[in-house]
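Quick notes on the structure that follows.
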Amino acid sequence: MKSRILCLLLLSWALSTAPAAADTRFIVRDPAGLTALQQLCVTLGCNVAGGLDGGVGKLFLVTPPALVDPNTFLQTLCAQPGITNAELDALLKVMQATASTPPSGLSDTTPVNYFGVSVWHGYLAQPASTIIRLPDTQSAFSASGAGIVAVIDTGVDPTHPVLQAVLVPGQDFTRNISSSGSEFPDVNQSSIGPNGSPLMVNQSTAAVLDQWSGTNLSQMQYAAFGHGTMVAGVVHLVAPTAQIMPLKAFGADGSGYLSDVLRAIYFAAQNGANVINMSFSVATYSQEMVTAIKFASRHQVICVASAGNDGKEEFVYPAALGNVMGVASTTNNDTLSSFSNYGNDLVWVAAPGEGVITTYPFGTYAAGWGTSFSAPMVSGTAALLLGVHSHCNESCAEQSLANAVPISANVGNGRVDLYQAVSAWRHSLGLP
C-alpha cells in the first residue's frame with residue numbers, strides 16, 4: 001500500500017513536469033526481476049532499456065511505446081501489481097554559482113612537490129587550505145587519506161599530471177562504456193596552447209587557458225566542462241593519497257539523467273568505493289535515490305553532496321536525504337556565501353567554496369565558485385578519516401565532522417575543521 005501511495009505522489013509531480021513523450025524514460029522497480037518486467041512490457045508495448053542497480057537486478061530503465069501520453073503510461077505502470085515503484089527519469093544539473101575576480105593564487109604557477117607530484121604553489125597554498133587547517137592536520141597526524149572516493153560528475157582528465165597516479169578505473173554512464181571516465185569525448189579540442197592566463201570560461205569557473213581555448217570552452221554546450229576534474233582536484237588536495245574513481249553521469253553542458261546517477265551510486269557501492277561525492281542536485285524527491293543511498297550506506301559508503309547555489313533555505317536532493325552530508329559554501333572570511341543554500345535540515349557542515357583553486361582539463365588549473373567545490377573538501381576529509389582507520393562509515397564521518405567551527409545557526413555544525421575532525425576520530429579510537 002505504501003509503495004502504491006508513493007507512486008501516485010510521484011505521478012502527481014510527473015503530470016506537471018513531464019517532457020515530450022519522445023524524451024521520456026521511466027525508472028521502474030520490479031522485485032520479480034528482468035524477465036517479469038520484459039513480459040509486462042510485451043503486454044504494455046514498452047521496452048526495458050537496461051538495469052540500473054548492477055547485480056541486484058530489480059531496478060530498470062523503461063521507455064514507453066510510441067505516441068502514448070507519458071503521464072498516462074506512468075499511471076498504467078503504477079497500477080501494475082508487480083511494480084513497487086515507478087518514476088520519471090528526471091534531468092539533474094551539476095552545481096553552478098556566480099564567480100567573482102579570479103584569485104591571485106591562480107597565477108602562482110611555481111612548481112612545488114606534493115606527495116611526490118609537482119603541483120602549482122597556488123593550488124597548495126590557497127586560503128581554503130589554511131582555513132580548513134589542512135597543513136596542521138598533515139603535520140600533526142601524518143594524515144594524507146586512504147580508500148576510494150567516487151566522484152559522480154562530468155568525468156575527469158585522466159592524463160592530468162596531478163591526478164593520473166591516483167585514478168582507479170571508472171565508468172562513463174553517458175555512453176554506457178567502461179572507461180577512464182574522461183571528459184574529453186564531450187569537446188572538440190584535445191589540447192591548449194602556451195601562454196595561458198586566468199580566463200572566465202563560464203559563470204562559476206576561471207581557468208588558466210589560452211585565449212582561443214577560453215573562447216571555445218565558453219560556449220553553452222561546454223557550460224560544465226571541467227567540473228568533474230575540478231571536483232576531483234579538491235578531493236586530491238585534501239586527501240592526496242586517497243584514490244579517485246571517476247563516474248561520468250553528466251555531459252559537458254552540466255545535465256545528466258537521474259538513471260545514470262543511480263547507476264553510478266550502485267556501481268560505486270559494488271566496486272569498492274568508500275566515499276561518494278555528489279556535486280549536483282535536483283529539487284524533486286526521488287524514492288529510488290533514497291533507496292540507492294541506503295544501499296550505499298549498507299555497504300559502509302560515506303555519502304557527501306552539495307547543498308545547492310540558490311541562496312535559499314530549501315530542500316535539494318541528495319543533500320537533504322538521510323545518510324548524506326549536505327555541504328554549504330563559506331567565504332574565506334568564514335561567513336555563509338551569498339549563493340549558498342542553508343538550513344539545518346539540509347546542511348551538515350560548510351566548507352570554503354569561493355575561488356577554490358583546483359585542477360582543470362588539459363593539465364592546467366582553475367578556480368571555482370559554488371557548493372560543488374565545498375562538498376569535495378568534506379569527501380576528502382572522509383578519506384582522511386579512513387586513513388586513520390578503515391572502518392569509518394557514514395555515522396563515524398558525521399560524528400567526526402560535527403567537530404567544526406560554528407559560524408552561523410543556519411549551517412549545521414559549522415565550517416569544516418580537518419584538525420578537529422581527525423582528532424575526534426582518533427580520540428574515539430583511543431589514539432593520541
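In the C-alpha cells, each chain is lettered A, B, ... as it comes, each chain's residues begin at 1, and ligands are numbered from 1 in order of appearance.
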- Query: Skipping near chain neighbours, those fewer than 3 positions away, what residues fall within 10 Å of Ser329 (chain A) using only C-alpha atoms, listed as a PyMOL selection string?
  - Reply: chain A and resi 306-309+332+334-342+347+349-354+369-375+411+415
Write a file of the just-selected residues containing N, CA and C atoms, as a PDB file, in the first residue's frame.
ATOM      1  N   SER A 306      26.455  18.374  -2.444  1.00  0.00           N
ATOM      2  CA  SER A 306      26.362  19.836  -2.418  1.00  0.00           C
ATOM      3  C   SER A 306      24.986  20.278  -1.949  1.00  0.00           C
ATOM      4  N   ALA A 307      24.950  21.366  -1.199  1.00  0.00           N
ATOM      5  CA  ALA A 307      23.685  21.897  -0.690  1.00  0.00           C
ATOM      6  C   ALA A 307      22.963  22.768  -1.704  1.00  0.00           C
ATOM      7  N   GLY A 308      23.625  23.151  -2.788  1.00  0.00           N
ATOM      8  CA  GLY A 308      22.968  23.947  -3.818  1.00  0.00           C
ATOM      9  C   GLY A 308      23.293  25.421  -3.738  1.00  0.00           C
ATOM     10  N   ASN A 309      23.063  26.120  -4.851  1.00  0.00           N
ATOM     11  CA  ASN A 309      23.518  27.500  -5.006  1.00  0.00           C
ATOM     12  C   ASN A 309      22.391  28.491  -5.284  1.00  0.00           C
ATOM     13  N   ASN A 332      36.004  33.117   2.388  1.00  0.00           N
ATOM     14  CA  ASN A 332      37.297  32.994   3.065  1.00  0.00           C
ATOM     15  C   ASN A 332      37.332  33.794   4.365  1.00  0.00           C
ATOM     16  N   ASP A 334      34.901  33.203   6.610  1.00  0.00           N
ATOM     17  CA  ASP A 334      34.066  32.372   7.478  1.00  0.00           C
ATOM     18  C   ASP A 334      32.642  32.900   7.646  1.00  0.00           C
ATOM     19  N   THR A 335      32.084  33.373   6.558  1.00  0.00           N
ATOM     20  CA  THR A 335      30.663  33.702   6.530  1.00  0.00           C
ATOM     21  C   THR A 335      30.006  32.856   5.440  1.00  0.00           C
ATOM     22  N   LEU A 336      28.704  32.688   5.529  1.00  0.00           N
ATOM     23  CA  LEU A 336      27.990  31.913   4.523  1.00  0.00           C
ATOM     24  C   LEU A 336      28.051  32.628   3.178  1.00  0.00           C
ATOM     25  N   SER A 337      28.387  31.909   2.125  1.00  0.00           N
ATOM     26  CA  SER A 337      28.399  32.500   0.783  1.00  0.00           C
ATOM     27  C   SER A 337      26.995  32.952   0.409  1.00  0.00           C
ATOM     28  N   SER A 338      26.887  34.084  -0.269  1.00  0.00           N
ATOM     29  CA  SER A 338      25.580  34.632  -0.622  1.00  0.00           C
ATOM     30  C   SER A 338      24.789  33.689  -1.520  1.00  0.00           C
ATOM     31  N   PHE A 339      25.471  32.886  -2.326  1.00  0.00           N
ATOM     32  CA  PHE A 339      24.779  31.977  -3.247  1.00  0.00           C
ATOM     33  C   PHE A 339      24.402  30.649  -2.596  1.00  0.00           C
ATOM     34  N   SER A 340      24.950  30.357  -1.431  1.00  0.00           N
ATOM     35  CA  SER A 340      24.790  29.019  -0.856  1.00  0.00           C
ATOM     36  C   SER A 340      23.420  28.806  -0.238  1.00  0.00           C
ATOM     37  N   ASN A 341      22.830  27.649  -0.472  1.00  0.00           N
ATOM     38  CA  ASN A 341      21.657  27.237   0.292  1.00  0.00           C
ATOM     39  C   ASN A 341      22.068  26.978   1.737  1.00  0.00           C
ATOM     40  N   TYR A 342      21.101  26.977   2.619  1.00  0.00           N
ATOM     41  CA  TYR A 342      21.391  26.836   4.043  1.00  0.00           C
ATOM     42  C   TYR A 342      20.210  26.176   4.737  1.00  0.00           C
ATOM     43  N   VAL A 347      21.908  21.104   5.643  1.00  0.00           N
ATOM     44  CA  VAL A 347      23.364  21.236   5.766  1.00  0.00           C
ATOM     45  C   VAL A 347      23.878  20.525   7.013  1.00  0.00           C
ATOM     46  N   VAL A 349      27.543  20.340   7.380  1.00  0.00           N
ATOM     47  CA  VAL A 349      28.680  21.228   7.611  1.00  0.00           C
ATOM     48  C   VAL A 349      28.832  22.147   6.395  1.00  0.00           C
ATOM     49  N   ALA A 350      29.716  23.120   6.535  1.00  0.00           N
ATOM     50  CA  ALA A 350      30.053  24.019   5.433  1.00  0.00           C
ATOM     51  C   ALA A 350      31.554  23.956   5.197  1.00  0.00           C
ATOM     52  N   ALA A 351      31.974  24.433   4.031  1.00  0.00           N
ATOM     53  CA  ALA A 351      33.395  24.483   3.689  1.00  0.00           C
ATOM     54  C   ALA A 351      33.601  25.596   2.673  1.00  0.00           C
ATOM     55  N   PRO A 352      34.833  26.124   2.575  1.00  0.00           N
ATOM     56  CA  PRO A 352      35.089  27.189   1.603  1.00  0.00           C
ATOM     57  C   PRO A 352      34.637  26.795   0.203  1.00  0.00           C
ATOM     58  N   GLY A 353      34.026  27.763  -0.501  1.00  0.00           N
ATOM     59  CA  GLY A 353      33.518  27.474  -1.834  1.00  0.00           C
ATOM     60  C   GLY A 353      33.614  28.661  -2.773  1.00  0.00           C
ATOM     61  N   GLU A 354      34.548  29.569  -2.493  1.00  0.00           N
ATOM     62  CA  GLU A 354      34.698  30.755  -3.344  1.00  0.00           C
ATOM     63  C   GLU A 354      36.137  30.875  -3.819  1.00  0.00           C
ATOM     64  N   TRP A 369      33.663  28.516  -8.064  1.00  0.00           N
ATOM     65  CA  TRP A 369      32.758  29.058  -7.054  1.00  0.00           C
ATOM     66  C   TRP A 369      31.524  28.168  -6.968  1.00  0.00           C
ATOM     67  N   GLY A 370      31.108  27.813  -5.768  1.00  0.00           N
ATOM     68  CA  GLY A 370      29.891  27.038  -5.609  1.00  0.00           C
ATOM     69  C   GLY A 370      30.036  25.936  -4.566  1.00  0.00           C
ATOM     70  N   THR A 371      28.894  25.441  -4.111  1.00  0.00           N
ATOM     71  CA  THR A 371      28.913  24.329  -3.166  1.00  0.00           C
ATOM     72  C   THR A 371      29.482  23.067  -3.803  1.00  0.00           C
ATOM     73  N   SER A 372      29.576  23.046  -5.131  1.00  0.00           N
ATOM     74  CA  SER A 372      30.246  21.944  -5.832  1.00  0.00           C
ATOM     75  C   SER A 372      31.658  21.728  -5.322  1.00  0.00           C
ATOM     76  N   PHE A 373      32.324  22.813  -4.956  1.00  0.00           N
ATOM     77  CA  PHE A 373      33.730  22.734  -4.570  1.00  0.00           C
ATOM     78  C   PHE A 373      33.903  22.728  -3.057  1.00  0.00           C
ATOM     79  N   SER A 374      32.806  22.945  -2.341  1.00  0.00           N
ATOM     80  CA  SER A 374      32.803  22.762  -0.889  1.00  0.00           C
ATOM     81  C   SER A 374      32.642  21.286  -0.549  1.00  0.00           C
ATOM     82  N   ALA A 375      31.748  20.609  -1.261  1.00  0.00           N
ATOM     83  CA  ALA A 375      31.469  19.199  -0.977  1.00  0.00           C
ATOM     84  C   ALA A 375      32.716  18.318  -1.041  1.00  0.00           C
ATOM     85  N   VAL A 411      23.938  26.718   9.289  1.00  0.00           N
ATOM     86  CA  VAL A 411      24.830  25.826   8.527  1.00  0.00           C
ATOM     87  C   VAL A 411      25.234  24.621   9.371  1.00  0.00           C
ATOM     88  N   ARG A 415      31.687  25.342  10.006  1.00  0.00           N
ATOM     89  CA  ARG A 415      32.662  25.195   8.924  1.00  0.00           C
ATOM     90  C   ARG A 415      33.659  24.084   9.257  1.00  0.00           C
TER      91      ARG A 415
END
Quiz prompt | All residues 10 Å or closer to region 234-243 of chain A, only C-alpha atoms, same chain fewer than 4 positions away omitted, as an NGL selection string | solution = :A and (114-117 or 123-124 or 129 or 132-135 or 137-138 or 143-151 or 162-168 or 229-230 or 273-274 or 277 or 356-359 or 372-387 or 418)
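Counting only C-alpha atoms, Ala268 (chain A) has the following residues at most 9 Å away, ignoring those fewer than 6 positions along the same chain: Val149, Ala150, Gly170, Met245, Leu247, Asn274, Val275, Ile276, Ala296 and Val301 of chain A.
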How would the residues just chosen look if you wrote them out with N, CA, C and O atoms as a CSV table (one decimal), in the first residue's frame?
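Dumped to result_17.csv:
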chain,number,residue,atom,x,y,z
A,149,VAL,N,37.5,7.4,-3.3
A,149,VAL,CA,36.4,8.4,-3.4
A,149,VAL,C,35.9,8.4,-4.8
A,149,VAL,O,36.5,8.7,-5.8
A,150,ALA,N,34.6,8.0,-4.9
A,150,ALA,CA,33.9,8.0,-6.2
A,150,ALA,C,33.4,9.4,-6.4
A,150,ALA,O,32.7,10.0,-5.6
A,170,GLY,N,37.1,3.8,-13.9
A,170,GLY,CA,35.7,4.3,-13.6
A,170,GLY,C,34.7,3.8,-14.7
A,170,GLY,O,34.9,2.7,-15.3
A,245,MET,N,37.7,7.5,-8.1
A,245,MET,CA,37.0,6.7,-9.1
A,245,MET,C,36.1,7.7,-9.9
A,245,MET,O,35.1,8.1,-9.3
A,247,LEU,N,33.2,8.6,-12.1
A,247,LEU,CA,32.0,8.1,-12.7
A,247,LEU,C,31.3,9.2,-13.4
A,247,LEU,O,30.7,10.1,-12.8
A,274,ASN,N,34.7,3.9,-1.1
A,274,ASN,CA,34.4,4.2,0.4
A,274,ASN,C,33.7,5.5,0.6
A,274,ASN,O,33.0,5.6,1.7
A,275,VAL,N,33.8,6.4,-0.3
A,275,VAL,CA,33.1,7.7,-0.3
A,275,VAL,C,32.5,8.0,-1.6
A,275,VAL,O,33.1,7.7,-2.7
A,276,ILE,N,31.4,8.6,-1.6
A,276,ILE,CA,30.8,9.1,-2.9
A,276,ILE,C,30.6,10.6,-2.8
A,276,ILE,O,29.9,11.1,-1.8
A,296,ALA,N,24.1,2.2,-0.6
A,296,ALA,CA,25.4,2.6,-0.4
A,296,ALA,C,25.8,2.6,1.1
A,296,ALA,O,26.9,2.1,1.5
A,301,VAL,N,29.5,2.9,2.8
A,301,VAL,CA,30.0,4.0,1.9
A,301,VAL,C,29.5,5.4,2.6
A,301,VAL,O,28.4,5.5,3.0
**OP:** Excluding Thr284 (chain A) and any residue of its chain fewer than 3 positions from it, enumerate the residues within 10 Å of it, using only C-alpha atoms, and give them as a PyMOL selection string.
**Re:** chain A and resi 10+13+90+92+281+287+315-318
Mind checking which residues fall within 7 Å of Gly251 (chain A), counting only C-alpha atoms, ignoring those fewer than 5 positions away in the same chain, and posting them as a tab-separated table (two decimals) with all heavy atoms, in the first residue's frame?
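Result file out.tsv:
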chain	number	residue	atom	x	y	z
A	154	THR	N	31.02	15.07	-14.28
A	154	THR	CA	31.16	15.18	-15.73
A	154	THR	C	32.32	14.36	-16.27
A	154	THR	O	32.58	14.38	-17.47
A	154	THR	CB	31.36	16.64	-16.15
A	154	THR	OG1	32.57	17.15	-15.54
A	154	THR	CG2	30.19	17.50	-15.74
A	186	ASP	N	33.56	14.83	-24.87
A	186	ASP	CA	32.47	15.80	-24.96
A	186	ASP	C	32.86	17.10	-25.66
A	186	ASP	O	31.99	17.95	-25.91
A	186	ASP	CB	31.96	16.16	-23.56
A	186	ASP	CG	31.19	15.02	-22.90
A	186	ASP	OD1	30.88	14.05	-23.59
A	186	ASP	OD2	30.92	15.12	-21.69
A	256	GLY	N	22.40	15.71	-16.68
A	256	GLY	CA	22.53	14.26	-16.60
A	256	GLY	C	21.23	13.65	-16.13
A	256	GLY	O	20.45	14.30	-15.43
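Minimum atom-to-atom distance to Arg426 (chain A), evaluated using only C-alpha atoms, belongs to A:Phe141 out of A:Pro127, A:Gln189, A:Val282, A:Phe141.
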Min atom-atom distance to Thr330 (chain A) from the set A:Gly368, A:Gly363, A:Pro65, A:Gly414, counting only C-alpha atoms, belongs to A:Gly414
